[in-house]
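Written below as structure tokens is the structure these notes are about.
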Amino acid sequence: MDWDAFAHWGKHISDWAADYHKTLPERPVRAQTSPGEIAAQLPPKPPETAEAMEDVLSDFERIVMPGITHWQHPRFFAYFSANAAPPSMLAEMLVTTIAAQCMLWQTSPAATEMEGVMVDWLRQALGLPEGYTGVIQDSASSATLSAVLSMRERATGYTGNRDGLCAKGNLRIYCSDQVHSSIDRACWVAGIGQENLVKLPTTGPRYALDVDALRKVIADDLDAGHTPAGIIAITGGTGVGASDELGPVLDVAREHDLYTHLDAAWAGAAMICPELRAEFWQGVDGYDSIVFNPHKWLGAQFDCSIQFLADPQPQLNTLKIEPEYLKTSGDAVTNYSEWTIPLGRRFRALKIWFLIRSYGLEGLRQRIRNHVSWSCELCEHIRGMEGFEIVTEPILSLFSFRCPGDDSNQQRLVDALNDDGRIYITQGAFDGRKVIRFQVGQFDTTREDVMMAGDVIEDVWRKTA
Ligand SMILES: *Cc1c(COP(=O)(O)O)cnc(C)c1O
């Protein structure tokens, strides 16, 4: 393909992109295909000779598009939204065009320097104190794994990487039973083991980690000769939005000199609203590592996960490696690949810059405030529906409910709603029961979209009951 053809198709695709987004409300949110349907339409063998871009693109429309679930649809209420605000998409087009590997300062100084400034913009936006630095990772899973590795290395006097873990005894990590599965995975991969990830019960209206239970289990572990290594707290758990009391958890960590990581992957974005901080962010100052995903509620196209660090040194001691081919002259620069597990890095800071400049923090706050208030409004509507029960009250813009009947009725309603296509929601579990999760977070969602969900739920429920 020559660059004139590239320019032609590039314009075609950006027009297509705008049309796609404008027609989203008319499309079913979840793909309506069955397993194998798309694969069956793809030739089993690669072509030996070149094909025309016209043909590739027309097959894209015909074969691929029916198999897409529309994450940017304004009636996407499943999981958590993964927003791609238009300015962040434009930035990604530029990043794709430049296609730089931003592993070291010298491999693209602008990427490194902008990353430092964007992390600091977001630090201020989230009300974190001066002194925090950080790094942009691909996902919260990677940031959490980095933090768990730092816990492991710090607790072993930074000898785990060298010696392996055979003689290190049981390193223990503590959290509530509401944590995301990425925490389990990080503990598997870091060699901590599921048995040494101690999940504790929660208390109170925000399902916060029971701090008395935490104190007691650490004391028992010390008696048993185990080595406490770290605590993972959450603000806005994935299931029902569980949020820990950050200050009291941090106090326990300090009593035992434990490394702390806070998972605010989803709810971190809402902390740009100062009025929400009293409830969710009190005591955040002092956490060693904090992860939040601008690629969820804030609007920066996936992937974009910020890991704030009170002191990057433990993570650098854990992950930095410097073979001859990566050495650069001068130490006055930051080489972000030393802070993370992958070496190669995309220029992720650019989309944050485009996003924040295009909306201003106030424009982004307005969306989050709307989502929270519309979610509460819909929750009241569902509470009033005959036989329906609110299981967990709204935490930010997330709540869960049940329709009349047993667990299989819940799944049947979720499946029927998603087959209907007007909205998309997913199920969860709470207190041993299946629940229907509802979250508002898509960038273009309107109040009408949210309230329509209530009517659709009632309508589909009547048809399936
Ligand atoms: C989404 C989410 C994660 C995982 O995020 P990835 O970036 O997909 O790895 C972790 N924790 C919480 C609370 C989340 O909501």
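If you're wondering about the labels, chains in the structure tokens are A, B, ... by order shown, residues count from 1 in each chain, ligands from 1 in order shown.
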
With a cut-off of 7 Å, could you pull out the residues of chain A touching ligand 1 and give me the nearest pair of atoms for each, distance in Å to one decimal, using only C-alpha atoms and all ligand atoms, ordered by chain and ascending number, as JSON lines?
{"residue": "A:Phe80", "atom": "CA", "partner": "ligand 1", "partner_atom_place_in_ligand_line": "15 (O)", "distance": 6.8}
{"residue": "A:Asp138", "atom": "CA", "partner": "ligand 1", "partner_atom_place_in_ligand_line": "7 (O)", "distance": 6.9}
{"residue": "A:Ser139", "atom": "CA", "partner": "ligand 1", "partner_atom_place_in_ligand_line": "7 (O)", "distance": 3.4}
{"residue": "A:Ala140", "atom": "CA", "partner": "ligand 1", "partner_atom_place_in_ligand_line": "7 (O)", "distance": 3.7}
{"residue": "A:Ser141", "atom": "CA", "partner": "ligand 1", "partner_atom_place_in_ligand_line": "9 (O)", "distance": 3.6}
{"residue": "A:Ser142", "atom": "CA", "partner": "ligand 1", "partner_atom_place_in_ligand_line": "9 (O)", "distance": 6.5}
{"residue": "A:Val179", "atom": "CA", "partner": "ligand 1", "partner_atom_place_in_ligand_line": "13 (C)", "distance": 6.9}
{"residue": "A:His180", "atom": "CA", "partner": "ligand 1", "partner_atom_place_in_ligand_line": "11 (N)", "distance": 4.9}
{"residue": "A:Ser182", "atom": "CA", "partner": "ligand 1", "partner_atom_place_in_ligand_line": "10 (C)", "distance": 5.8}
{"residue": "A:Ile234", "atom": "CA", "partner": "ligand 1", "partner_atom_place_in_ligand_line": "13 (C)", "distance": 6.9}
{"residue": "A:Gly236", "atom": "CA", "partner": "ligand 1", "partner_atom_place_in_ligand_line": "13 (C)", "distance": 5.9}
{"residue": "A:Gly237", "atom": "CA", "partner": "ligand 1", "partner_atom_place_in_ligand_line": "13 (C)", "distance": 4.4}
{"residue": "A:Thr238", "atom": "CA", "partner": "ligand 1", "partner_atom_place_in_ligand_line": "15 (O)", "distance": 4.6}
{"residue": "A:Asp263", "atom": "CA", "partner": "ligand 1", "partner_atom_place_in_ligand_line": "11 (N)", "distance": 5.8}
{"residue": "A:Ala264", "atom": "CA", "partner": "ligand 1", "partner_atom_place_in_ligand_line": "13 (C)", "distance": 5.7}
{"residue": "A:Ala265", "atom": "CA", "partner": "ligand 1", "partner_atom_place_in_ligand_line": "12 (C)", "distance": 4.6}
{"residue": "A:Trp266", "atom": "CA", "partner": "ligand 1", "partner_atom_place_in_ligand_line": "15 (O)", "distance": 4.5}
{"residue": "A:Asn293", "atom": "CA", "partner": "ligand 1", "partner_atom_place_in_ligand_line": "7 (O)", "distance": 6.2}
{"residue": "A:Ser305", "atom": "CA", "partner": "ligand 1", "partner_atom_place_in_ligand_line": "7 (O)", "distance": 6.3}

Inset, instruction - Excluding A:Ala147 and any residue of its chain fewer than 2 positions from it, enumerate the residues within 9 Å of it, using only C-alpha atoms, and give them as JSON, numbers by chain. - result: {"A": [142, 143, 144, 145, 149, 150, 151, 152, 186, 259, 260, 261, 288, 289, 290, 315]}

Inset, instruction - Check stretch 217-384 of chain A with DSSP on the backbone and list each residue it calls helix (DSSP H, G or I), as a ChimeraX atom specification. - result: /A:217-223,246-255,267-272,274-280,294-298,313-319,324-326,336-339,349-383

Legend entry - Selected residue, from A:Thr112, A:Ser243, A:Ser397, A:Gln124, that lies nearest to A:Ile272 when counting only C-alpha atoms: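 Between A:Thr112, A:Ser243, A:Ser397, A:Gln124, the residue approaching A:Ile272 most closely is A:Gln124.
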
Legend entry - strand (DSSP E or B) residues, from DSSP on the backbone, in stretch 66-229 of chain A, as a ChimeraX atom specification: /A:76,133-137,171-176,197-200,202-203,208-209,227-229

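Residues lying within 12 Å of A:Met1, counting only C-alpha atoms and ignoring same-chain neighbours fewer than 4 positions away, are A:Ala5, A:Phe6, A:Ala7, A:His8, A:Trp9, A:Gly10, A:Ala50, A:Glu51, A:Ala52, A:Met53.
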
How would the residues just chosen look if you wrote them out with C-alpha atoms as a short mmCIF file (atom, residue, chain, number, x, y, z; two decimals), in the first residue's frame?
data_model
loop_
_atom_site.label_atom_id
_atom_site.label_comp_id
_atom_site.auth_asym_id
_atom_site.auth_seq_id
_atom_site.Cartn_x
_atom_site.Cartn_y
_atom_site.Cartn_z
CA ALA A 5 -3.79 4.94 -0.93
CA PHE A 6 -3.29 5.12 2.83
CA ALA A 7 -4.58 8.72 2.86
CA HIS A 8 -7.62 7.68 0.80
CA TRP A 9 -8.56 4.77 3.04
CA GLY A 10 -7.72 6.69 6.18
CA ALA A 50 -2.72 -9.46 -2.70
CA GLU A 51 -6.35 -8.46 -2.34
CA ALA A 52 -7.90 -5.01 -2.81
CA MET A 53 -8.66 -2.85 0.25
#

Inset, instruction - Just give me the gap between atom CA of A:Gly241 and atom CA of A:Ile395 in Å, one decimal is fine. - result: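 Distance reported for this atom pair: 5.6 Å.
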
Legend entry - Counting only C-alpha atoms, the option among A:Pro294, A:Gly169, A:Gly230, A:Gly421 closest to A:Thr33: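 Closest candidate: A:Gly421.
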
Inset, instruction - Just the residues within 10 Å of A:Val135, please, counting only C-alpha atoms, with nothing from its chain fewer than 3 positions along; format it as a list of chain:residue names. - result: A:Thr112, A:Glu115, A:Gly116, A:Met118, A:Val119, A:Asp120, A:Ala143, A:Val291, A:Ser305, A:Ile306, A:Gln307, A:Phe308, A:Leu309, A:Pro312, A:Tyr336, A:Ser337, A:Trp339, A:Thr340, A:Ala349

Using all heavy atoms, can you write the selected residues to a file as a tab-separated table (two decimals), in the first residue's frame?
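Final output, saved to out_8.tsv:
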chain	number	residue	atom	x	y	z
A	112	THR	N	7.93	10.13	27.10
A	112	THR	CA	8.31	10.02	28.51
A	112	THR	C	7.96	11.29	29.27
A	112	THR	O	7.38	11.24	30.36
A	112	THR	CB	9.83	9.76	28.62
A	112	THR	OG1	10.09	8.47	28.08
A	112	THR	CG2	10.30	9.81	30.06
A	115	GLU	N	4.29	11.70	29.67
A	115	GLU	CA	3.77	10.72	30.63
A	115	GLU	C	3.95	11.23	32.06
A	115	GLU	O	3.02	11.16	32.88
A	115	GLU	CB	4.48	9.37	30.45
A	115	GLU	CG	3.97	8.29	31.38
A	115	GLU	CD	4.28	6.88	30.88
A	115	GLU	OE1	4.55	6.70	29.67
A	115	GLU	OE2	4.25	5.95	31.70
A	116	GLY	N	5.11	11.80	32.34
A	116	GLY	CA	5.34	12.34	33.69
A	116	GLY	C	4.35	13.45	34.02
A	116	GLY	O	3.79	13.50	35.12
A	118	MET	N	1.37	14.02	32.54
A	118	MET	CA	-0.03	13.54	32.60
A	118	MET	C	-0.31	12.80	33.91
A	118	MET	O	-1.40	12.93	34.48
A	118	MET	CB	-0.34	12.62	31.40
A	118	MET	CG	-0.44	13.34	30.07
A	118	MET	SD	-1.62	14.72	30.09
A	118	MET	CE	-0.51	16.11	30.11
A	119	VAL	N	0.66	12.02	34.37
A	119	VAL	CA	0.48	11.36	35.67
A	119	VAL	C	0.29	12.44	36.74
A	119	VAL	O	-0.57	12.31	37.62
A	119	VAL	CB	1.67	10.43	36.00
A	119	VAL	CG1	1.63	9.98	37.45
A	119	VAL	CG2	1.66	9.22	35.07
A	120	ASP	N	1.02	13.53	36.62
A	120	ASP	CA	0.88	14.58	37.63
A	120	ASP	C	-0.44	15.35	37.47
A	120	ASP	O	-1.06	15.72	38.46
A	120	ASP	CB	2.07	15.54	37.60
A	120	ASP	CG	2.12	16.32	38.91
A	120	ASP	OD1	2.24	15.66	39.97
A	120	ASP	OD2	1.99	17.56	38.88
A	143	ALA	N	-0.59	-3.42	36.66
A	143	ALA	CA	-0.17	-2.54	37.76
A	143	ALA	C	-0.24	-3.31	39.08
A	143	ALA	O	0.66	-3.22	39.92
A	143	ALA	CB	-1.07	-1.30	37.81
A	291	VAL	N	-3.84	2.13	41.83
A	291	VAL	CA	-4.12	1.98	40.39
A	291	VAL	C	-5.50	2.50	40.06
A	291	VAL	O	-6.46	2.30	40.81
A	291	VAL	CB	-3.95	0.51	39.93
A	291	VAL	CG1	-4.96	-0.43	40.57
A	291	VAL	CG2	-4.06	0.42	38.42
A	305	SER	N	-3.86	2.62	32.03
A	305	SER	CA	-4.01	2.41	33.46
A	305	SER	C	-2.90	3.14	34.19
A	305	SER	O	-1.73	2.96	33.87
A	305	SER	CB	-3.92	0.90	33.75
A	305	SER	OG	-4.11	0.65	35.12
A	306	ILE	N	-3.28	4.00	35.14
A	306	ILE	CA	-2.25	4.76	35.86
A	306	ILE	C	-1.92	4.05	37.16
A	306	ILE	O	-2.83	3.69	37.92
A	306	ILE	CB	-2.76	6.18	36.25
A	306	ILE	CG1	-3.31	6.93	35.04
A	306	ILE	CG2	-1.66	6.97	36.96
A	306	ILE	CD1	-2.30	7.62	34.20
A	307	GLN	N	-0.66	3.84	37.42
A	307	GLN	CA	-0.23	3.37	38.73
A	307	GLN	C	0.52	4.51	39.40
A	307	GLN	O	1.62	4.87	39.00
A	307	GLN	CB	0.67	2.14	38.62
A	307	GLN	CG	1.02	1.56	39.99
A	307	GLN	CD	2.11	0.49	39.95
A	307	GLN	OE1	2.82	0.34	38.96
A	307	GLN	NE2	2.23	-0.26	41.04
A	308	PHE	N	-0.11	5.09	40.44
A	308	PHE	CA	0.57	6.11	41.23
A	308	PHE	C	1.46	5.40	42.25
A	308	PHE	O	1.06	4.36	42.82
A	308	PHE	CB	-0.45	6.97	41.99
A	308	PHE	CG	-1.33	7.81	41.12
A	308	PHE	CD1	-2.67	7.48	40.94
A	308	PHE	CD2	-0.84	8.93	40.46
A	308	PHE	CE1	-3.51	8.26	40.14
A	308	PHE	CE2	-1.66	9.72	39.66
A	308	PHE	CZ	-3.00	9.38	39.50
A	309	LEU	N	2.62	5.99	42.51
A	309	LEU	CA	3.55	5.40	43.48
A	309	LEU	C	4.03	6.48	44.44
A	309	LEU	O	4.47	7.55	44.01
A	309	LEU	CB	4.74	4.78	42.76
A	309	LEU	CG	4.40	3.52	41.93
A	309	LEU	CD1	5.52	3.20	40.96
A	309	LEU	CD2	4.10	2.33	42.84
A	312	PRO	N	8.78	5.37	43.97
A	312	PRO	CA	8.97	4.33	42.94
A	312	PRO	C	10.09	3.33	43.26
A	312	PRO	O	10.19	2.29	42.61
A	312	PRO	CB	9.32	5.14	41.68
A	312	PRO	CG	9.82	6.45	42.17
A	312	PRO	CD	9.18	6.70	43.50
A	336	TYR	N	10.83	4.67	31.64
A	336	TYR	CA	9.66	4.05	32.28
A	336	TYR	C	9.61	2.53	32.15
A	336	TYR	O	8.93	1.87	32.92
A	336	TYR	CB	8.36	4.67	31.75
A	336	TYR	CG	8.00	5.98	32.43
A	336	TYR	CD1	7.89	7.16	31.71
A	336	TYR	CD2	7.76	6.01	33.80
A	336	TYR	CE1	7.54	8.36	32.33
A	336	TYR	CE2	7.43	7.21	34.44
A	336	TYR	CZ	7.31	8.37	33.70
A	336	TYR	OH	6.98	9.54	34.32
A	337	SER	N	10.32	1.97	31.17
A	337	SER	CA	10.28	0.50	31.07
A	337	SER	C	10.93	-0.16	32.28
A	337	SER	O	10.71	-1.35	32.52
A	337	SER	CB	10.96	0.04	29.78
A	337	SER	OG	12.29	0.48	29.76
A	339	TRP	N	10.09	0.55	35.22
A	339	TRP	CA	9.04	0.56	36.26
A	339	TRP	C	8.01	-0.54	36.05
A	339	TRP	O	7.12	-0.70	36.87
A	339	TRP	CB	8.29	1.90	36.24
A	339	TRP	CG	9.08	3.15	36.45
A	339	TRP	CD1	10.29	3.48	35.92
A	339	TRP	CD2	8.70	4.27	37.26
A	339	TRP	NE1	10.67	4.72	36.33
A	339	TRP	CE2	9.71	5.24	37.16
A	339	TRP	CE3	7.57	4.56	38.04
A	339	TRP	CZ2	9.64	6.47	37.82
A	339	TRP	CZ3	7.51	5.78	38.70
A	339	TRP	CH2	8.54	6.73	38.59
A	340	THR	N	8.09	-1.23	34.90
A	340	THR	CA	7.01	-2.14	34.52
A	340	THR	C	7.56	-3.49	34.06
A	340	THR	O	8.77	-3.63	33.84
A	340	THR	CB	6.17	-1.55	33.37
A	340	THR	OG1	7.05	-1.30	32.26
A	340	THR	CG2	5.49	-0.25	33.77
A	349	ALA	N	0.27	8.46	26.93
A	349	ALA	CA	-0.03	9.75	27.57
A	349	ALA	C	-0.76	10.70	26.62
A	349	ALA	O	-1.53	11.56	27.07
A	349	ALA	CB	1.27	10.40	28.06

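Of the listed residues (A:Leu298, A:Cys304, A:Leu57, A:Leu398), A:Leu298 comes nearest to A:Arg367; the distances count only C-alpha atoms.
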
Legend entry - For A:Thr426, the nearest of the candidates A:Asp449, A:Lys168, A:Ala18, A:Phe77, counting only C-alpha atoms: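 Residue with the minimum atom-to-atom distance to A:Thr426: A:Phe77.
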
Legend entry - Contact residues around A:Asp444 with only C-alpha atoms at 9 Å, ignoring same-chain residues under 3 positions, as a ChimeraX atom specification: /A:72-75,85,367,441

Can those selected residues be exported to a file as a tab-separated table (two decimals), in the first residue's frame so that it contains N, CA, C and O atoms?
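Result file again00.tsv:
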chain	number	residue	atom	x	y	z
A	72	GLN	N	-19.27	1.08	22.91
A	72	GLN	CA	-19.48	2.54	22.95
A	72	GLN	C	-20.96	2.88	22.78
A	72	GLN	O	-21.33	4.03	22.57
A	73	HIS	N	-21.82	1.89	22.88
A	73	HIS	CA	-23.27	2.09	22.76
A	73	HIS	C	-23.77	2.82	24.00
A	73	HIS	O	-23.39	2.48	25.12
A	74	PRO	N	-24.65	3.81	23.83
A	74	PRO	CA	-25.12	4.56	25.00
A	74	PRO	C	-25.98	3.74	25.97
A	74	PRO	O	-26.22	4.19	27.09
A	75	ARG	N	-26.40	2.55	25.56
A	75	ARG	CA	-27.16	1.71	26.50
A	75	ARG	C	-26.36	0.46	26.90
A	75	ARG	O	-26.91	-0.59	27.15
A	85	ALA	N	-13.56	8.22	24.27
A	85	ALA	CA	-14.05	9.54	23.87
A	85	ALA	C	-13.37	9.93	22.55
A	85	ALA	O	-12.20	9.61	22.34
A	367	ARG	N	-20.10	14.42	33.48
A	367	ARG	CA	-20.57	13.09	33.06
A	367	ARG	C	-20.70	12.17	34.26
A	367	ARG	O	-21.70	11.48	34.43
A	441	GLY	N	-22.12	4.36	32.89
A	441	GLY	CA	-20.76	4.89	32.76
A	441	GLY	C	-20.34	5.19	31.34
A	441	GLY	O	-19.22	5.62	31.11

Legend entry - Surrounding residues of A:Leu209 excluding itself and chain neighbours under 2 positions, 7 Å, only C-alpha atoms, as a list of chain:residue names: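 That gives A:Ser176, A:Leu200, A:Pro201, A:Thr202, A:Thr203, A:Tyr207, A:Val211, A:Asp244.
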
Could you take the residues named above and write them with C-alpha atoms, as a compact mmCIF listing (two decimals), in the first residue's frame?
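See selection_15.txt below for the written result:
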# COMPACT_ATOMS: atom_id res chain seq x y z
CA SER A 176 -11.29 -8.31 51.49
CA LEU A 200 -11.36 -11.29 54.89
CA PRO A 201 -15.05 -10.54 55.40
CA THR A 202 -16.54 -7.07 54.95
CA THR A 203 -18.77 -4.90 57.12
CA TYR A 207 -18.79 -3.62 52.28
CA VAL A 211 -10.21 -4.11 60.10
CA ASP A 244 -12.64 -0.04 52.16

Inset, instruction - May I ask which of the residues A:Gly191, A:Pro394, A:Gly286, A:Gly428 is the closest one to A:Glu153, counting only C-alpha atoms? - result: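 So, comparing all the options, the nearest one is A:Gly191.
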
Legend entry - Proximity to A:Arg123 - best of A:Leu396, A:Leu104, A:Ala17, A:Met271, only C-alpha atoms: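 Nearest candidate to A:Arg123 out of A:Leu396, A:Leu104, A:Ala17, A:Met271: A:Met271.
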